[in-house]
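Visitor: The structure follows.
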Amino acid sequence: MFAYFVRRLLGLLPVLFGVSLLIFTIPRVIGSDPARIMLGERASPESYQRLRTELGLDTPYFLNLKEARTRGIAGLFDAQYPTFVAHAVQGDLGKSIFSRIPVRDSLAHFFPATIELTLVAMFFAVVFGVPLGIVAALNRGTLVDTGFMFLALAGVSFPVFWLGIIMIYLFAVFLGWLPPSGRISPTLIFHSTTGFYLLDAIVQGRWGVLWNLLRHLVMPGIALGTIPLAIIVRMTRSSMLEVLGQDYIRTARAKGVERRAVINKHALRNALLPVITVIGLSFGQLLSGAILTETVFAWPGIGRFVYDAISSRDYPIIQGGVLFIAIMFVLVNMLVDLSYAFIDPRIQYT
Amino acid sequence: MKRLAIVVAAALLALSGAAWAQTLVYGESGLPVSLDLPQDGNSLTVQYQIAEPLVGFQPGSSELRPLLATSWEANADATQWTFHLREGVTFHDGTPFNAEAVKFNFDRWNHRDNPYAFPDQKNFAAWTYIFAAFYGEEGYLLEKVEALDDTTVRFDLTSPVGFFPALVASSYFGIQSPAAVKAAGVDYGTPGVGAVGTGPFKFQEWVQGDHVTVVRNDAYWGDKAKVERIVFRGIESPATRLAELEAGTLDIAVNLSPDDLQAVESNSDLRRATAEANLSIGYIGFHQANKPFDDLRVRQAVAYAIDQKAIVDAFWSGLGTPAAEFIPPGLIGRAGYDIYPYDPEKAKQLLADAGFPNGFQTEFWYMPVSRPYFPSPKDIAEAVAGYLSEVGIQAELRTEDWGIYLTEYDEGKFPMFMLGWNADYADPNNFIYTFFSPTEIKNGFGWADANADEVVKLLGDARKASSETERVTYYEQADKIIYDQVPAMPVVYPTTLHATRTNIDGFLPNPLGVTSVQLNEVTKN
């Protein structure tokens, strides 16, 4: 198992190399650059050129042949990509071109917010999704089944933006039950040390703050959770149906095992494997940020942070942010793979 | 006993999740990017509360008023400007504000080799918006800043600028504490450091992605702030900003969508807070290197073909005025023309005269981003294309990533395009010269004939004019040529929608927007 884990970790390296190369190249080849965006609607060619030089945008991308002639091999690698990689392996992702805030600091700030939101969304999706899927499977072909499946279809089809605004108007503006957006009420005095507000509120024993945080999480959590919920319901249902048709289930029933035990012990556990895969994948996806949900609910998460950087061509944020997201995504998938061994004893990693 | 009291107080604080009293919550479209010569509105609004420029604006107007400078005067040819500074003002860090401090700030911005300019870290791009270029570069304006004595500072310019105080009043140029800049170095203006100025509010904290808090400066030289603190929140979606305002969790929401005017006006808890008119313009440009837009009749035909009034009514919901000239209302130098009337028959006739009785095909480029001057570019472009097709002009709608859009615009690749401008300072030069400077008239419109040369000459003369009457004559002459030659069709002077809760008083956006509005007069009841 450990050897497998190490192998998988090593396998990360080529993936990260590929990602770094892509994420370095793509923003640069699609045209435009941060200097252009920074200067806005009107810019003289002179100031544009100067800004490009200052931002280091006119140094070569991969190999600096000009510098190599005078400075040899050190000069050859005095180019944008080698510099980015050399710094990145030391954990330095550079600074935002616009704000000069170190990318690492921003990631450390935005990622905990994304994790909190993702956990709530997945909690909502799993807690409702799995039982609803089971119920639908057990009542296959009935009105209950059709109803749930219709809801699940609706869940994947609702545009988050629309759903978010509807929720805000209903629960925040008209009913006044929940705060419309944000992560915490701006008038509260609260200092987070880890970036994980929920955790900090508990550690500091700030129950009023915790309550405030939870209220802020409800709507974005549900809005973000609807799509995974819908997928989980459908996946649980089809997986359950498949398992319920197996011989061993019929055998168990024939032996007179209680219905509840058949479902919980014999069917559900076997049906869960594909469901867990789906949960893991959704989790990985949500971790990489939910741009629309974060935008509607003004959630300070990583998706919007990176998305904004893409439109302003803030290269260090795009590079650092996507690299980080890629690492998280690969790690989550790895954990999902590993979890199979715990659920299904037939699967062993060596 | 004392300890017990503290414990009880702490416990109460913990339980209640104690809240600040008298906090004004201000919703912008985003949090600041930087508080050290920033270039975006969200940053400038916050910076303006902390660091004041030398010159400010009368409430709700673009008329200048003394701020850190109490008076100013120019030499005869307006190449030397002397500012007399307010005495007894201190920065939030307790260091004195004086002529040396002013010199420090301007030198730092103007000279890329200044030890506190950090050219590899900070770009100070905003400097070039107003002062054309950095010291020593082609076209630079500011030659030298000299502290004549503690309260007198003189600016020497490379060419005459009669409206120099308007440049200095631009919200970019808040005077920062030299001591604080030196202490923080390259990190000055970032979330961990903030900024130190002389303004009515002091920087308190900046939680990335969440909020920035400023607190009242009790030692402020002018009217002390009525509210204790302001929390600025960055809420990207205008719909969410409005919902927050409706729910009462925001006190002020700026830059709402024009579509929301109805929602604001029909809600008795909300109040619209718009300036009389915004110094802003949206236009449709032609690049004459692309045929057939080199033909005046074709450009005129487009102007006659589009029902400008209907478009403005439809897309600005009463928050826009059809535009005829490139100088918006509220500034000098306007000749006062009417818009080209909607006359499709005349448009067809002009096209026929130009050799296109059946029209022609072209590309019409619309912006991929929403700006106050074009809140929904695609919808507006579709409406325009509809009008054009009625006179036979088949305009294919195109767009492109914003950065590429700006680059290709500069390269003259767009036969017809949408673009606009929001004022940096309240002077016609910021409009007419922005569009028709020697470079822009060529790059932006591909306009190169005797008329274009005349416009360039008139605008150059206007910049140098020593009296305002003289300037006005030059502007009016240039304005007439531009109106007749239609290098571009002005579409709208938009008014940006801002709103407050009804218990908020004293929030007065000015024609430049909300970035140069001090919030010390705002009260929350």
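Each chain of the structure tokens is named A, B, ... in the order shown, its residues numbered from 1; ligands are numbered from 1 in display order.
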Near A:Leu93, counting only C-alpha atoms, which residues have an atom at most 7 Å away, once you skip same-chain residues fewer than 4 positions from it, shown as a ChimeraX atom specification?
Guide: /A:87-88,103-104,316,320
Visitor: I need the chain B residues near chain A as a PyMOL selection string; criterion: at most 8 Å, counting only C-alpha atoms.
Guide: chain B and resi 14-20+23+25+33-34+119-123+125-126+128-129+133+138+187+190-191+208-211+231+233-237+239-240+243-244+246-247+249+401-404+406-407+419-421+434+439
Visitor: May I have all residues of stretch 13-175 of chain A that DSSP, computed from the backbone, assigns to helix (DSSP H, G or I), given as a PDB file with C-alpha atoms, in the first residue's frame?
Guide:
```pdb
ATOM      1  CA  LEU A  13       5.720  14.800 -11.245  1.00  0.00           C
ATOM      2  CA  PRO A  14       5.203  14.372 -14.995  1.00  0.00           C
ATOM      3  CA  VAL A  15       1.605  15.561 -14.579  1.00  0.00           C
ATOM      4  CA  LEU A  16       2.743  18.714 -12.849  1.00  0.00           C
ATOM      5  CA  PHE A  17       5.447  19.294 -15.419  1.00  0.00           C
ATOM      6  CA  GLY A  18       2.869  19.011 -18.189  1.00  0.00           C
ATOM      7  CA  VAL A  19       0.439  21.285 -16.378  1.00  0.00           C
ATOM      8  CA  SER A  20       3.118  23.890 -15.737  1.00  0.00           C
ATOM      9  CA  LEU A  21       4.101  23.886 -19.380  1.00  0.00           C
ATOM     10  CA  LEU A  22       0.511  24.224 -20.566  1.00  0.00           C
ATOM     11  CA  ILE A  23      -0.451  26.874 -18.091  1.00  0.00           C
ATOM     12  CA  PHE A  24       2.653  28.844 -18.928  1.00  0.00           C
ATOM     13  CA  THR A  25       2.102  28.621 -22.657  1.00  0.00           C
ATOM     14  CA  ILE A  26      -1.651  28.954 -23.115  1.00  0.00           C
ATOM     15  CA  PRO A  27      -2.172  32.473 -21.692  1.00  0.00           C
ATOM     16  CA  ARG A  28       0.798  33.681 -23.699  1.00  0.00           C
ATOM     17  CA  VAL A  29      -0.181  32.246 -27.047  1.00  0.00           C
ATOM     18  CA  PRO A  34      -1.125  42.167 -18.608  1.00  0.00           C
ATOM     19  CA  ALA A  35       0.537  45.373 -19.782  1.00  0.00           C
ATOM     20  CA  ARG A  36      -2.230  45.851 -22.344  1.00  0.00           C
ATOM     21  CA  ILE A  37      -4.978  45.286 -19.767  1.00  0.00           C
ATOM     22  CA  MET A  38      -3.287  47.511 -17.230  1.00  0.00           C
ATOM     23  CA  LEU A  39      -3.128  50.458 -19.605  1.00  0.00           C
ATOM     24  CA  PRO A  45       2.877  52.542 -27.843  1.00  0.00           C
ATOM     25  CA  GLU A  46       5.792  53.910 -25.804  1.00  0.00           C
ATOM     26  CA  SER A  47       4.219  53.368 -22.417  1.00  0.00           C
ATOM     27  CA  TYR A  48       3.063  49.920 -23.507  1.00  0.00           C
ATOM     28  CA  GLN A  49       6.597  48.933 -24.519  1.00  0.00           C
ATOM     29  CA  ARG A  50       8.088  50.291 -21.312  1.00  0.00           C
ATOM     30  CA  LEU A  51       5.572  48.470 -19.162  1.00  0.00           C
ATOM     31  CA  ARG A  52       6.259  45.218 -21.005  1.00  0.00           C
ATOM     32  CA  THR A  53       9.934  45.597 -20.279  1.00  0.00           C
ATOM     33  CA  GLU A  54       9.347  46.429 -16.628  1.00  0.00           C
ATOM     34  CA  LEU A  65      19.915  32.768 -26.501  1.00  0.00           C
ATOM     35  CA  LYS A  66      21.027  36.371 -26.390  1.00  0.00           C
ATOM     36  CA  GLU A  67      22.053  36.192 -22.756  1.00  0.00           C
ATOM     37  CA  ALA A  68      23.631  32.802 -23.325  1.00  0.00           C
ATOM     38  CA  ARG A  69      26.182  34.351 -25.632  1.00  0.00           C
ATOM     39  CA  THR A  70      27.512  36.597 -22.892  1.00  0.00           C
ATOM     40  CA  ARG A  71      26.713  34.677 -19.705  1.00  0.00           C
ATOM     41  CA  ILE A  73      24.470  28.477 -19.429  1.00  0.00           C
ATOM     42  CA  ALA A  74      23.142  30.722 -16.618  1.00  0.00           C
ATOM     43  CA  GLY A  75      22.163  33.268 -19.214  1.00  0.00           C
ATOM     44  CA  LEU A  76      20.500  30.628 -21.365  1.00  0.00           C
ATOM     45  CA  GLN A  80      10.370  33.240 -18.170  1.00  0.00           C
ATOM     46  CA  TYR A  81       9.554  29.543 -17.947  1.00  0.00           C
ATOM     47  CA  PRO A  82      12.797  28.299 -16.353  1.00  0.00           C
ATOM     48  CA  THR A  83      12.555  31.113 -13.805  1.00  0.00           C
ATOM     49  CA  PHE A  84       8.949  30.206 -12.996  1.00  0.00           C
ATOM     50  CA  VAL A  85       9.822  26.509 -12.535  1.00  0.00           C
ATOM     51  CA  ALA A  86      12.952  27.227 -10.517  1.00  0.00           C
ATOM     52  CA  HIS A  87      10.978  29.420  -8.138  1.00  0.00           C
ATOM     53  CA  ALA A  88       7.951  27.138  -8.029  1.00  0.00           C
ATOM     54  CA  VAL A  89       9.930  24.103  -6.869  1.00  0.00           C
ATOM     55  CA  VAL A 103       0.460  34.318  -5.023  1.00  0.00           C
ATOM     56  CA  ARG A 104       1.209  31.838  -2.256  1.00  0.00           C
ATOM     57  CA  ASP A 105      -0.294  34.185   0.348  1.00  0.00           C
ATOM     58  CA  SER A 106      -3.419  34.654  -1.723  1.00  0.00           C
ATOM     59  CA  LEU A 107      -3.818  30.920  -2.256  1.00  0.00           C
ATOM     60  CA  ALA A 108      -3.401  30.360   1.482  1.00  0.00           C
ATOM     61  CA  HIS A 109      -6.146  32.884   1.949  1.00  0.00           C
ATOM     62  CA  PHE A 110      -8.645  31.828  -0.691  1.00  0.00           C
ATOM     63  CA  PHE A 111      -8.234  28.080  -0.523  1.00  0.00           C
ATOM     64  CA  PRO A 112      -9.571  27.594   3.029  1.00  0.00           C
ATOM     65  CA  ALA A 113     -12.720  29.478   2.000  1.00  0.00           C
ATOM     66  CA  THR A 114     -13.103  27.134  -0.953  1.00  0.00           C
ATOM     67  CA  ILE A 115     -12.557  24.066   1.234  1.00  0.00           C
ATOM     68  CA  GLU A 116     -15.206  25.179   3.714  1.00  0.00           C
ATOM     69  CA  LEU A 117     -17.710  25.817   0.969  1.00  0.00           C
ATOM     70  CA  THR A 118     -16.872  22.541  -0.784  1.00  0.00           C
ATOM     71  CA  LEU A 119     -17.281  20.542   2.410  1.00  0.00           C
ATOM     72  CA  VAL A 120     -20.676  22.044   3.078  1.00  0.00           C
ATOM     73  CA  ALA A 121     -21.784  21.512  -0.511  1.00  0.00           C
ATOM     74  CA  MET A 122     -20.611  17.901  -0.531  1.00  0.00           C
ATOM     75  CA  PHE A 123     -22.126  17.273   2.884  1.00  0.00           C
ATOM     76  CA  PHE A 124     -25.450  18.506   1.556  1.00  0.00           C
ATOM     77  CA  ALA A 125     -25.075  16.491  -1.641  1.00  0.00           C
ATOM     78  CA  VAL A 126     -24.137  13.236   0.074  1.00  0.00           C
ATOM     79  CA  VAL A 127     -26.533  13.437   2.996  1.00  0.00           C
ATOM     80  CA  PHE A 128     -29.480  13.961   0.679  1.00  0.00           C
ATOM     81  CA  GLY A 129     -28.171  12.324  -2.459  1.00  0.00           C
ATOM     82  CA  VAL A 130     -27.413   8.802  -1.222  1.00  0.00           C
ATOM     83  CA  PRO A 131     -30.698   8.232   0.686  1.00  0.00           C
ATOM     84  CA  LEU A 132     -32.762   9.712  -2.124  1.00  0.00           C
ATOM     85  CA  GLY A 133     -30.978   7.477  -4.615  1.00  0.00           C
ATOM     86  CA  ILE A 134     -31.645   4.400  -2.482  1.00  0.00           C
ATOM     87  CA  VAL A 135     -35.286   5.275  -2.018  1.00  0.00           C
ATOM     88  CA  ALA A 136     -35.664   5.853  -5.742  1.00  0.00           C
ATOM     89  CA  ALA A 137     -34.039   2.497  -6.511  1.00  0.00           C
ATOM     90  CA  LEU A 138     -36.223   0.631  -4.047  1.00  0.00           C
ATOM     91  CA  LEU A 143     -44.151   8.015  -8.782  1.00  0.00           C
ATOM     92  CA  VAL A 144     -41.511   8.501  -6.053  1.00  0.00           C
ATOM     93  CA  ASP A 145     -38.787   7.331  -8.406  1.00  0.00           C
ATOM     94  CA  THR A 146     -39.969   9.501 -11.277  1.00  0.00           C
ATOM     95  CA  GLY A 147     -40.328  12.483  -8.963  1.00  0.00           C
ATOM     96  CA  PHE A 148     -36.824  12.150  -7.551  1.00  0.00           C
ATOM     97  CA  MET A 149     -35.307  11.623 -10.953  1.00  0.00           C
ATOM     98  CA  PHE A 150     -37.090  14.670 -12.272  1.00  0.00           C
ATOM     99  CA  LEU A 151     -35.729  16.705  -9.376  1.00  0.00           C
ATOM    100  CA  ALA A 152     -32.256  15.351 -10.015  1.00  0.00           C
ATOM    101  CA  LEU A 153     -32.504  16.317 -13.651  1.00  0.00           C
ATOM    102  CA  ALA A 154     -33.675  19.769 -12.643  1.00  0.00           C
ATOM    103  CA  GLY A 155     -30.730  19.998 -10.234  1.00  0.00           C
ATOM    104  CA  VAL A 156     -28.156  19.546 -12.976  1.00  0.00           C
ATOM    105  CA  SER A 157     -30.063  21.824 -15.320  1.00  0.00           C
ATOM    106  CA  VAL A 160     -26.324  28.348 -10.615  1.00  0.00           C
ATOM    107  CA  PHE A 161     -26.464  32.046 -11.293  1.00  0.00           C
ATOM    108  CA  TRP A 162     -30.231  32.001 -11.565  1.00  0.00           C
ATOM    109  CA  LEU A 163     -30.724  29.640  -8.654  1.00  0.00           C
ATOM    110  CA  GLY A 164     -28.383  31.759  -6.520  1.00  0.00           C
ATOM    111  CA  ILE A 165     -30.193  35.016  -7.159  1.00  0.00           C
ATOM    112  CA  ILE A 166     -33.593  33.378  -6.563  1.00  0.00           C
ATOM    113  CA  MET A 167     -32.350  31.988  -3.254  1.00  0.00           C
ATOM    114  CA  ILE A 168     -30.871  35.334  -2.213  1.00  0.00           C
ATOM    115  CA  TYR A 169     -34.133  37.135  -2.901  1.00  0.00           C
ATOM    116  CA  LEU A 170     -36.256  34.517  -1.191  1.00  0.00           C
ATOM    117  CA  PHE A 171     -34.214  33.793   1.922  1.00  0.00           C
ATOM    118  CA  ALA A 172     -32.279  37.009   2.426  1.00  0.00           C
ATOM    119  CA  VAL A 173     -34.326  39.860   0.999  1.00  0.00           C
ATOM    120  CA  PHE A 174     -37.933  38.728   1.550  1.00  0.00           C
TER     121      PHE A 174
END
```
Visitor: Need to verify the contact set: A:Arg253, 12 Å, only C-alpha atoms, exclusion of same-chain residues closer than 6 positions in sequence. Can you return it as a list in words?
Guide: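 Once the adjacent positions are removed, what remains is Leu244, Gly245, Gln246, Asp247, Arg259, Arg260, Ala261, Val262, Ile263, His266 and Ala267 of chain A.
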Visitor: List the neighbours of stretch 506-514 of chain B out to 10 Å using only C-alpha atoms; skip same-chain residues closer than 5 positions along the sequence, and give me the result as a ChimeraX atom specification.
Guide: /B:41-42,44-45,48,57-63,170-171,226,252,254-255,273-280,329-330,422-426,495-500,519-524
Visitor: Would you output that residue set with C-alpha atoms, as a tab-separated table (two decimals), in the first residue's frame?
Guide:
```tsv
chain	number	residue	atom	x	y	z
B	41	GLY	CA	-12.07	52.41	-9.27
B	42	ASN	CA	-12.46	49.99	-6.37
B	44	LEU	CA	-9.29	54.49	-5.71
B	45	THR	CA	-12.51	54.78	-3.72
B	48	TYR	CA	-9.43	58.49	-1.45
B	57	PHE	CA	-14.01	68.55	-5.65
B	58	GLN	CA	-17.04	70.42	-4.40
B	59	PRO	CA	-19.62	67.89	-3.17
B	60	GLY	CA	-21.55	66.43	-6.09
B	61	SER	CA	-19.71	68.52	-8.63
B	62	SER	CA	-16.54	68.51	-10.68
B	63	GLU	CA	-15.68	72.03	-9.56
B	170	SER	CA	-7.28	63.21	-10.01
B	171	SER	CA	-8.04	60.58	-7.38
B	226	LYS	CA	-19.74	61.27	10.97
B	252	ILE	CA	-24.30	52.01	-0.03
B	254	VAL	CA	-22.24	51.61	-6.18
B	255	ASN	CA	-22.16	50.86	-9.90
B	273	ALA	CA	-27.65	58.47	-5.55
B	274	THR	CA	-26.53	59.49	-8.99
B	275	ALA	CA	-24.57	62.49	-10.13
B	276	GLU	CA	-26.28	65.08	-12.31
B	277	ALA	CA	-24.28	63.85	-15.27
B	278	ASN	CA	-21.28	61.60	-15.52
B	279	LEU	CA	-18.16	62.62	-17.35
B	280	SER	CA	-18.28	59.59	-19.55
B	329	PRO	CA	-22.05	68.13	-20.71
B	330	GLY	CA	-20.64	69.91	-17.72
B	422	ASN	CA	-14.64	57.57	-18.25
B	423	ALA	CA	-12.98	60.78	-17.19
B	424	ASP	CA	-9.80	60.81	-15.15
B	425	TYR	CA	-10.12	64.52	-14.55
B	426	ALA	CA	-12.74	67.13	-15.28
B	495	THR	CA	-25.10	58.21	-15.70
B	496	THR	CA	-23.98	55.47	-13.37
B	497	LEU	CA	-26.53	54.18	-10.89
B	498	HIS	CA	-25.56	54.17	-7.24
B	499	ALA	CA	-27.99	53.76	-4.37
B	500	THR	CA	-28.13	53.98	-0.61
B	519	LEU	CA	-17.23	59.95	2.85
B	520	ASN	CA	-16.68	62.09	5.95
B	521	GLU	CA	-20.00	63.88	5.43
B	522	VAL	CA	-21.99	60.65	5.19
B	523	THR	CA	-24.30	60.01	8.13
B	524	LYS	CA	-26.10	56.84	9.14
```
Visitor: Using only C-alpha atoms, which residues sit within 10 Å of B:Ser71 once same-chain residues fewer than 6 positions away are excluded, as a ChimeraX atom specification?
Guide: /B:54-55,65,82-86,152,165
Visitor: For the selection just defined, write its residues with C-alpha atoms to a file, as a PDB file, in the first residue's frame.
Guide:
```pdb
ATOM      1  CA  LEU B  54      -3.789  68.418  -3.078  1.00  0.00           C
ATOM      2  CA  VAL B  55      -7.002  69.455  -4.776  1.00  0.00           C
ATOM      3  CA  ARG B  65     -11.896  72.963  -4.164  1.00  0.00           C
ATOM      4  CA  THR B  82       2.763  77.018  -7.341  1.00  0.00           C
ATOM      5  CA  PHE B  83       0.628  75.388  -4.637  1.00  0.00           C
ATOM      6  CA  HIS B  84       0.259  76.749  -1.123  1.00  0.00           C
ATOM      7  CA  LEU B  85      -0.240  73.961   1.332  1.00  0.00           C
ATOM      8  CA  ARG B  86      -2.476  73.644   4.353  1.00  0.00           C
ATOM      9  CA  THR B 152       4.922  76.083  -0.817  1.00  0.00           C
ATOM     10  CA  PRO B 165      -4.902  71.711 -10.886  1.00  0.00           C
TER      11      PRO B 165
END
```
Visitor: In stretch 279-430 of chain B, what's strand (DSSP E or B) per DSSP? Answer as JSON, numbers by chain?
Guide: {"B": [280, 281, 282, 283, 284, 285, 286, 320, 321, 322, 360, 361, 362, 363, 364, 365, 371, 374, 393, 394, 395, 396, 397, 398, 416, 417, 418, 419, 420, 421, 422]}
Visitor: Report, in Å with one decimal, the straight-line distance from atom CA of B:Ala117 to atom CA of B:Phe435.
Guide: 29.5 Å
